[in-house]
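For reference, the structure discussed in these notes is given below.
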Amino acid sequence: MVNAAVHPVDERPTLGRGFAAALQHLAVMVAMPITAVLLIGRSLRLDDADTRALLCAALLFSGVGTILQSTGRFSLGAGLPFVMLPGGAAVVLFLQIAQESNPATASGAVILTALAGIVVVPVARRLVTRLPAVVIACMVLVIGVNLVKVAGNLVVAPDERPSVGAVGLAALTIVATVLAHRFLPRGWRRLSVLAGMIVGGIAAAVTGRFHLRTGSEVVQWPQLFPFGTPHFDVLAAVPLLVFGIGSMAEAAGQTVLNARVVGKEIDAPVTVGRTIRGDAVTSLLSGLFGGPSMVTSGENIGLVRLTGVRSRYVTALTGVLLVVVAFVAPIGRLVNSLPGPVVGGTATIVFAMIIVAALGMFRAIDVDAETTLLTAAAALTAGLLPILVPGLYRAFPADLRLLLGSGVTMTALVGVATHLALRGRTRGGSPSRPGPSGVTRRSAA
């Protein structure tokens, strides 16, 4: 007999029901770590063994983080039905640092950011509320544009001329994703990205562009320090550190949103701190094995709403399944065999959703207010220029080039500075009206 006093979040479903629900969560979320790893592997030209080790680490720590956030043990997690994924913004910042410096410095930046996140948990709630909503929206928009650019570069292999076949394969993958979302039953629509990737892979096989990696291994393993001993460069880590602050702000909104969806009363400051701490600890583990920063994701909230299954033990079981899948070598070989146009097409539409999320965030902001409009304009100018004109800062010293060339960092720094300057003028008697502030929901970034 079920205890009526047990909240649905804390309910332990039967093994069969829990396993079926966990499989749905797994199917919905697995595309993101796969896409992130393929993006890193192809951009850094990693060999098959290194890419599969990185995929193993990404799936493993997605699972570990999901278990921590769902169970909330040792104050490392919210104790809510959350899942964890490599952050889309974190992936592009990892790549930027790796390409400007080297992958070892990128791993060091992930570790530094994770340690900083653990240290600032006691003051995180005060810290994250200092970021204006318009600056966060601009950061998310710049992140989305940068990710789409990186993903688009995968459609054509390095040193190759664009071909009609490659572009067509990428387009087919995107169209298949859209059609899957249109025609799949409502409960399966969140699998549209995975369906598009499968259709693209089949088309690649038919046209001779799919070449399955060979190997006899049954088990694959993550690799500690795959890029060598991490190099700690604080200046190089600034883009990720800035992202970490924005990520904390989004984690606060996401935790409150998740609790509201499942009908669970929480002590918001305490629970948000546990969410941030769980993110930071999982990111630290990821960094040790060459992966990007990890973030608690809201990708599963729609599924929770749709199915009505609110148990955190279901998402914890999803984490267990991810840990198991991480070590299956044939899955790693199959995923790493996907051609660039399929990966690029999948990643492009996934990361374009971040741009759409940013546009949605702007809807909640009074962009007609002079201070808000000018803050957004200045922040986007500083953030988009290094993306749209890659050689803009080529003549600058290397350290300064790394800072100025980070669209996310420059968006945050210029946005906050402009906001503070214009707010001071407004208090001095300017007729401009300050835009409203509010809690920001966590985006796919």
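Chain labels follow the order of the structure tokens: the first chain is A, the next B, and so on; residue numbering restarts at 1 in every chain, and ligands are counted from 1 in their shown order.
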Residues of region 20-88 of chain A within 12 Å of region 8-11 of chain A: nearest atom pair and distance (Å, one decimal) for each, counting only C-alpha atoms, sorted by chain and number, as a tab-separated table?
residue	atom	partner	partner_atom	distance
A:Ser70	CA	A:Val9	CA	9.6
A:Thr71	CA	A:Asp10	CA	9.4
A:Gly72	CA	A:Asp10	CA	11.4
A:Ala78	CA	A:Val9	CA	11.6
A:Gly79	CA	A:Val9	CA	8.7
A:Leu80	CA	A:Val9	CA	6.9
A:Pro81	CA	A:Val9	CA	7.3
A:Phe82	CA	A:Val9	CA	11.0
Please list as a PDB file with N, CA and C atoms, in the first residue's frame every residue within 6 Å of region 269-276 of chain A, counting only C-alpha atoms and excluding residues in the same chain fewer than 2 positions away.
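Contents of out-v1.pdb, as written:
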ATOM      1  N   SER A  75      24.619  16.791   0.237  1.00  0.00           N
ATOM      2  CA  SER A  75      24.402  18.198  -0.157  1.00  0.00           C
ATOM      3  C   SER A  75      24.979  18.500  -1.535  1.00  0.00           C
ATOM      4  N   LEU A  76      25.116  17.458  -2.356  1.00  0.00           N
ATOM      5  CA  LEU A  76      25.625  17.625  -3.721  1.00  0.00           C
ATOM      6  C   LEU A  76      24.468  17.429  -4.695  1.00  0.00           C
ATOM      7  N   GLY A  77      23.520  18.323  -4.688  1.00  0.00           N
ATOM      8  CA  GLY A  77      22.386  18.199  -5.584  1.00  0.00           C
ATOM      9  C   GLY A  77      21.109  18.673  -4.937  1.00  0.00           C
ATOM     10  N   ALA A  78      20.127  18.989  -5.774  1.00  0.00           N
ATOM     11  CA  ALA A  78      18.888  19.599  -5.305  1.00  0.00           C
ATOM     12  C   ALA A  78      17.907  18.593  -4.714  1.00  0.00           C
ATOM     13  N   VAL A 121      29.848  29.040  -3.358  1.00  0.00           N
ATOM     14  CA  VAL A 121      28.477  28.611  -3.054  1.00  0.00           C
ATOM     15  C   VAL A 121      27.849  29.420  -1.920  1.00  0.00           C
ATOM     16  N   ALA A 252      19.710  29.002 -10.419  1.00  0.00           N
ATOM     17  CA  ALA A 252      18.755  29.481  -9.422  1.00  0.00           C
ATOM     18  C   ALA A 252      17.335  29.460  -9.997  1.00  0.00           C
ATOM     19  N   ASP A 267      13.427  25.147   0.372  1.00  0.00           N
ATOM     20  CA  ASP A 267      14.112  26.318   0.918  1.00  0.00           C
ATOM     21  C   ASP A 267      15.028  26.798  -0.207  1.00  0.00           C
ATOM     22  N   GLY A 278      26.521  20.706  -6.744  1.00  0.00           N
ATOM     23  CA  GLY A 278      26.498  19.477  -7.530  1.00  0.00           C
ATOM     24  C   GLY A 278      27.054  19.695  -8.930  1.00  0.00           C
ATOM     25  N   ASP A 279      26.682  20.833  -9.547  1.00  0.00           N
ATOM     26  CA  ASP A 279      27.232  21.178 -10.865  1.00  0.00           C
ATOM     27  C   ASP A 279      28.753  21.285 -10.812  1.00  0.00           C
TER      28      ASP A 279
END
Please produce, as CSV, a per-residue contact table for region 101-195 of chain A versus region 204-228 of chain A (criterion: any atom at most 10 Å away, only C-alpha atoms considered), showing the nearest atom pair and its distance in Å to one decimal, sorted by chain then residue number.
residue,atom,partner,partner_atom,distance
A:Asn102,CA,A:Phe227,CA,8.7
A:Pro103,CA,A:Phe227,CA,6.0
A:Ala104,CA,A:Phe227,CA,5.3
A:Thr105,CA,A:Phe227,CA,9.0
A:Ala106,CA,A:Phe227,CA,9.3
A:Ser107,CA,A:Phe227,CA,7.9
A:Gly165,CA,A:Thr207,CA,9.0
A:Ala166,CA,A:Arg209,CA,9.1
A:Leu169,CA,A:Ala204,CA,7.1
A:Ala170,CA,A:Ala204,CA,9.9
A:Thr173,CA,A:Ala204,CA,9.9
Could the residues in this selection be written to a file with N, CA and C atoms, as an mmCIF file, in the first residue's frame?
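Result went into result-v8.cif, see below:
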data_model
loop_
_atom_site.group_PDB
_atom_site.id
_atom_site.type_symbol
_atom_site.label_atom_id
_atom_site.label_comp_id
_atom_site.auth_asym_id
_atom_site.auth_seq_id
_atom_site.Cartn_x
_atom_site.Cartn_y
_atom_site.Cartn_z
ATOM 1 N N ASN A 102 45.766 25.685 -25.805
ATOM 2 C CA ASN A 102 45.908 24.259 -26.075
ATOM 3 C C ASN A 102 44.880 23.519 -25.224
ATOM 4 N N PRO A 103 44.585 22.250 -25.533
ATOM 5 C CA PRO A 103 43.568 21.516 -24.781
ATOM 6 C C PRO A 103 43.886 21.371 -23.293
ATOM 7 N N ALA A 104 45.181 21.281 -22.935
ATOM 8 C CA ALA A 104 45.535 21.167 -21.521
ATOM 9 C C ALA A 104 45.126 22.418 -20.753
ATOM 10 N N THR A 105 45.248 23.585 -21.381
ATOM 11 C CA THR A 105 44.820 24.834 -20.752
ATOM 12 C C THR A 105 43.300 24.873 -20.640
ATOM 13 N N ALA A 106 42.598 24.321 -21.633
ATOM 14 C CA ALA A 106 41.140 24.258 -21.578
ATOM 15 C C ALA A 106 40.685 23.372 -20.421
ATOM 16 N N SER A 107 41.359 22.232 -20.225
ATOM 17 C CA SER A 107 41.028 21.362 -19.088
ATOM 18 C C SER A 107 41.309 22.074 -17.769
ATOM 19 N N GLY A 165 26.943 17.547 -51.885
ATOM 20 C CA GLY A 165 26.552 16.361 -51.134
ATOM 21 C C GLY A 165 26.611 16.574 -49.635
ATOM 22 N N ALA A 166 27.680 17.221 -49.145
ATOM 23 C CA ALA A 166 27.829 17.454 -47.709
ATOM 24 C C ALA A 166 26.746 18.394 -47.189
ATOM 25 N N LEU A 169 23.413 16.612 -47.170
ATOM 26 C CA LEU A 169 23.275 15.660 -46.073
ATOM 27 C C LEU A 169 22.959 16.385 -44.767
ATOM 28 N N ALA A 170 23.626 17.516 -44.543
ATOM 29 C CA ALA A 170 23.335 18.311 -43.351
ATOM 30 C C ALA A 170 21.899 18.833 -43.392
ATOM 31 N N THR A 173 19.427 16.107 -42.596
ATOM 32 C CA THR A 173 19.399 15.832 -41.159
ATOM 33 C C THR A 173 18.515 16.843 -40.426
#
Find the spatial neighbours of Leu317 (chain A), counting only C-alpha atoms, within a cut-off of 12 Å - ignore same-chain residues fewer than 6 positions away - and output them as a VMD selection string.
chain A and resid 12 to 26 63 to 71 81 to 83 311 323 to 324
With a distance cut-off of 8 Å and only C-alpha atoms, select the neighbouring residues of region 30-41 of chain A, excluding the residue or stretch itself and same-chain residues fewer than 2 positions from it, and output the selection as a short mmCIF file (atom, residue, chain, number, x, y, z; two decimals) with C-alpha atoms, in the first residue's frame.
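Heads up, here's the output in selection-v6.cif:
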data_model
loop_
_atom_site.label_atom_id
_atom_site.label_comp_id
_atom_site.auth_asym_id
_atom_site.auth_seq_id
_atom_site.Cartn_x
_atom_site.Cartn_y
_atom_site.Cartn_z
CA LEU A 26 17.71 8.67 -21.39
CA ALA A 27 16.44 8.90 -24.97
CA VAL A 28 15.59 12.59 -24.57
CA SER A 43 37.12 20.47 -34.01
CA LEU A 44 40.33 19.36 -32.25
CA ARG A 45 40.93 16.52 -34.75
CA LEU A 46 41.12 13.86 -32.07
CA ASP A 47 41.69 10.26 -33.15
CA ASP A 50 40.62 9.73 -27.78
CA THR A 51 37.12 10.63 -29.00
CA LEU A 54 35.94 11.51 -24.19
CA LEU A 55 32.47 10.16 -25.05
CA ALA A 58 30.82 12.68 -21.02
CA LEU A 59 28.21 9.95 -20.61
CA SER A 62 26.30 13.05 -17.13
CA LEU A 85 24.56 17.44 -19.47
CA PRO A 86 27.65 19.11 -20.92
CA GLY A 88 26.39 24.04 -24.81
CA VAL A 91 31.58 23.34 -24.99
CA LEU A 95 36.98 24.80 -27.75
CA VAL A 150 31.22 26.08 -34.70
CA ALA A 151 28.63 23.42 -35.59
CA LEU A 154 31.64 20.55 -39.13
CA VAL A 193 16.91 15.34 -32.57
CA LEU A 194 17.91 11.71 -32.13
CA VAL A 335 28.61 7.35 -32.69
CA ASN A 336 32.12 8.31 -33.77
CA VAL A 343 26.95 15.86 -36.79
CA GLY A 344 27.07 19.44 -38.04
CA THR A 346 22.30 17.97 -35.79
CA ALA A 347 24.44 20.35 -33.75
#
Would you mind writing down, as JSON, numbers by chain, each residue of region 290-409 of chain A that DSSP on the backbone assigns to strand (DSSP E)?
{"A": [294, 295, 296, 297]}
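Using only C-alpha atoms for every distance, the candidate list A:Val199, A:Ala329, A:Ala398, A:Met410 yields A:Met410 as the residue closest to Phe243 (chain A).
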Could you give me, as a PDB file with N, CA and C atoms, in the first residue's frame, the residues within 7 Å of Ile118 (chain A), counting only C-alpha atoms and dropping anything in the same chain fewer than 4 positions from it?
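And here's part-v4.pdb as it stands now:
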ATOM      1  N   ALA A 114      35.331  25.030 -11.863  1.00  0.00           N
ATOM      2  CA  ALA A 114      34.632  24.145 -10.934  1.00  0.00           C
ATOM      3  C   ALA A 114      35.025  24.442  -9.490  1.00  0.00           C
ATOM      4  N   ARG A 277      26.517  23.447  -6.146  1.00  0.00           N
ATOM      5  CA  ARG A 277      27.614  22.607  -5.654  1.00  0.00           C
ATOM      6  C   ARG A 277      27.677  21.294  -6.436  1.00  0.00           C
ATOM      7  N   ALA A 280      29.246  21.978  -9.782  1.00  0.00           N
ATOM      8  CA  ALA A 280      30.679  22.249  -9.689  1.00  0.00           C
ATOM      9  C   ALA A 280      31.482  20.965  -9.470  1.00  0.00           C
TER      10      ALA A 280
END
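Distance check against Met29 (chain A) using only C-alpha atoms: of A:Val164, A:Ala176, A:Leu322, A:Val262, the minimum falls on A:Leu322.
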In Å, rounded to a single decimal, give me how far CA of Glu250 (chain A) is from CA of Val123 (chain A).
15.3 Å
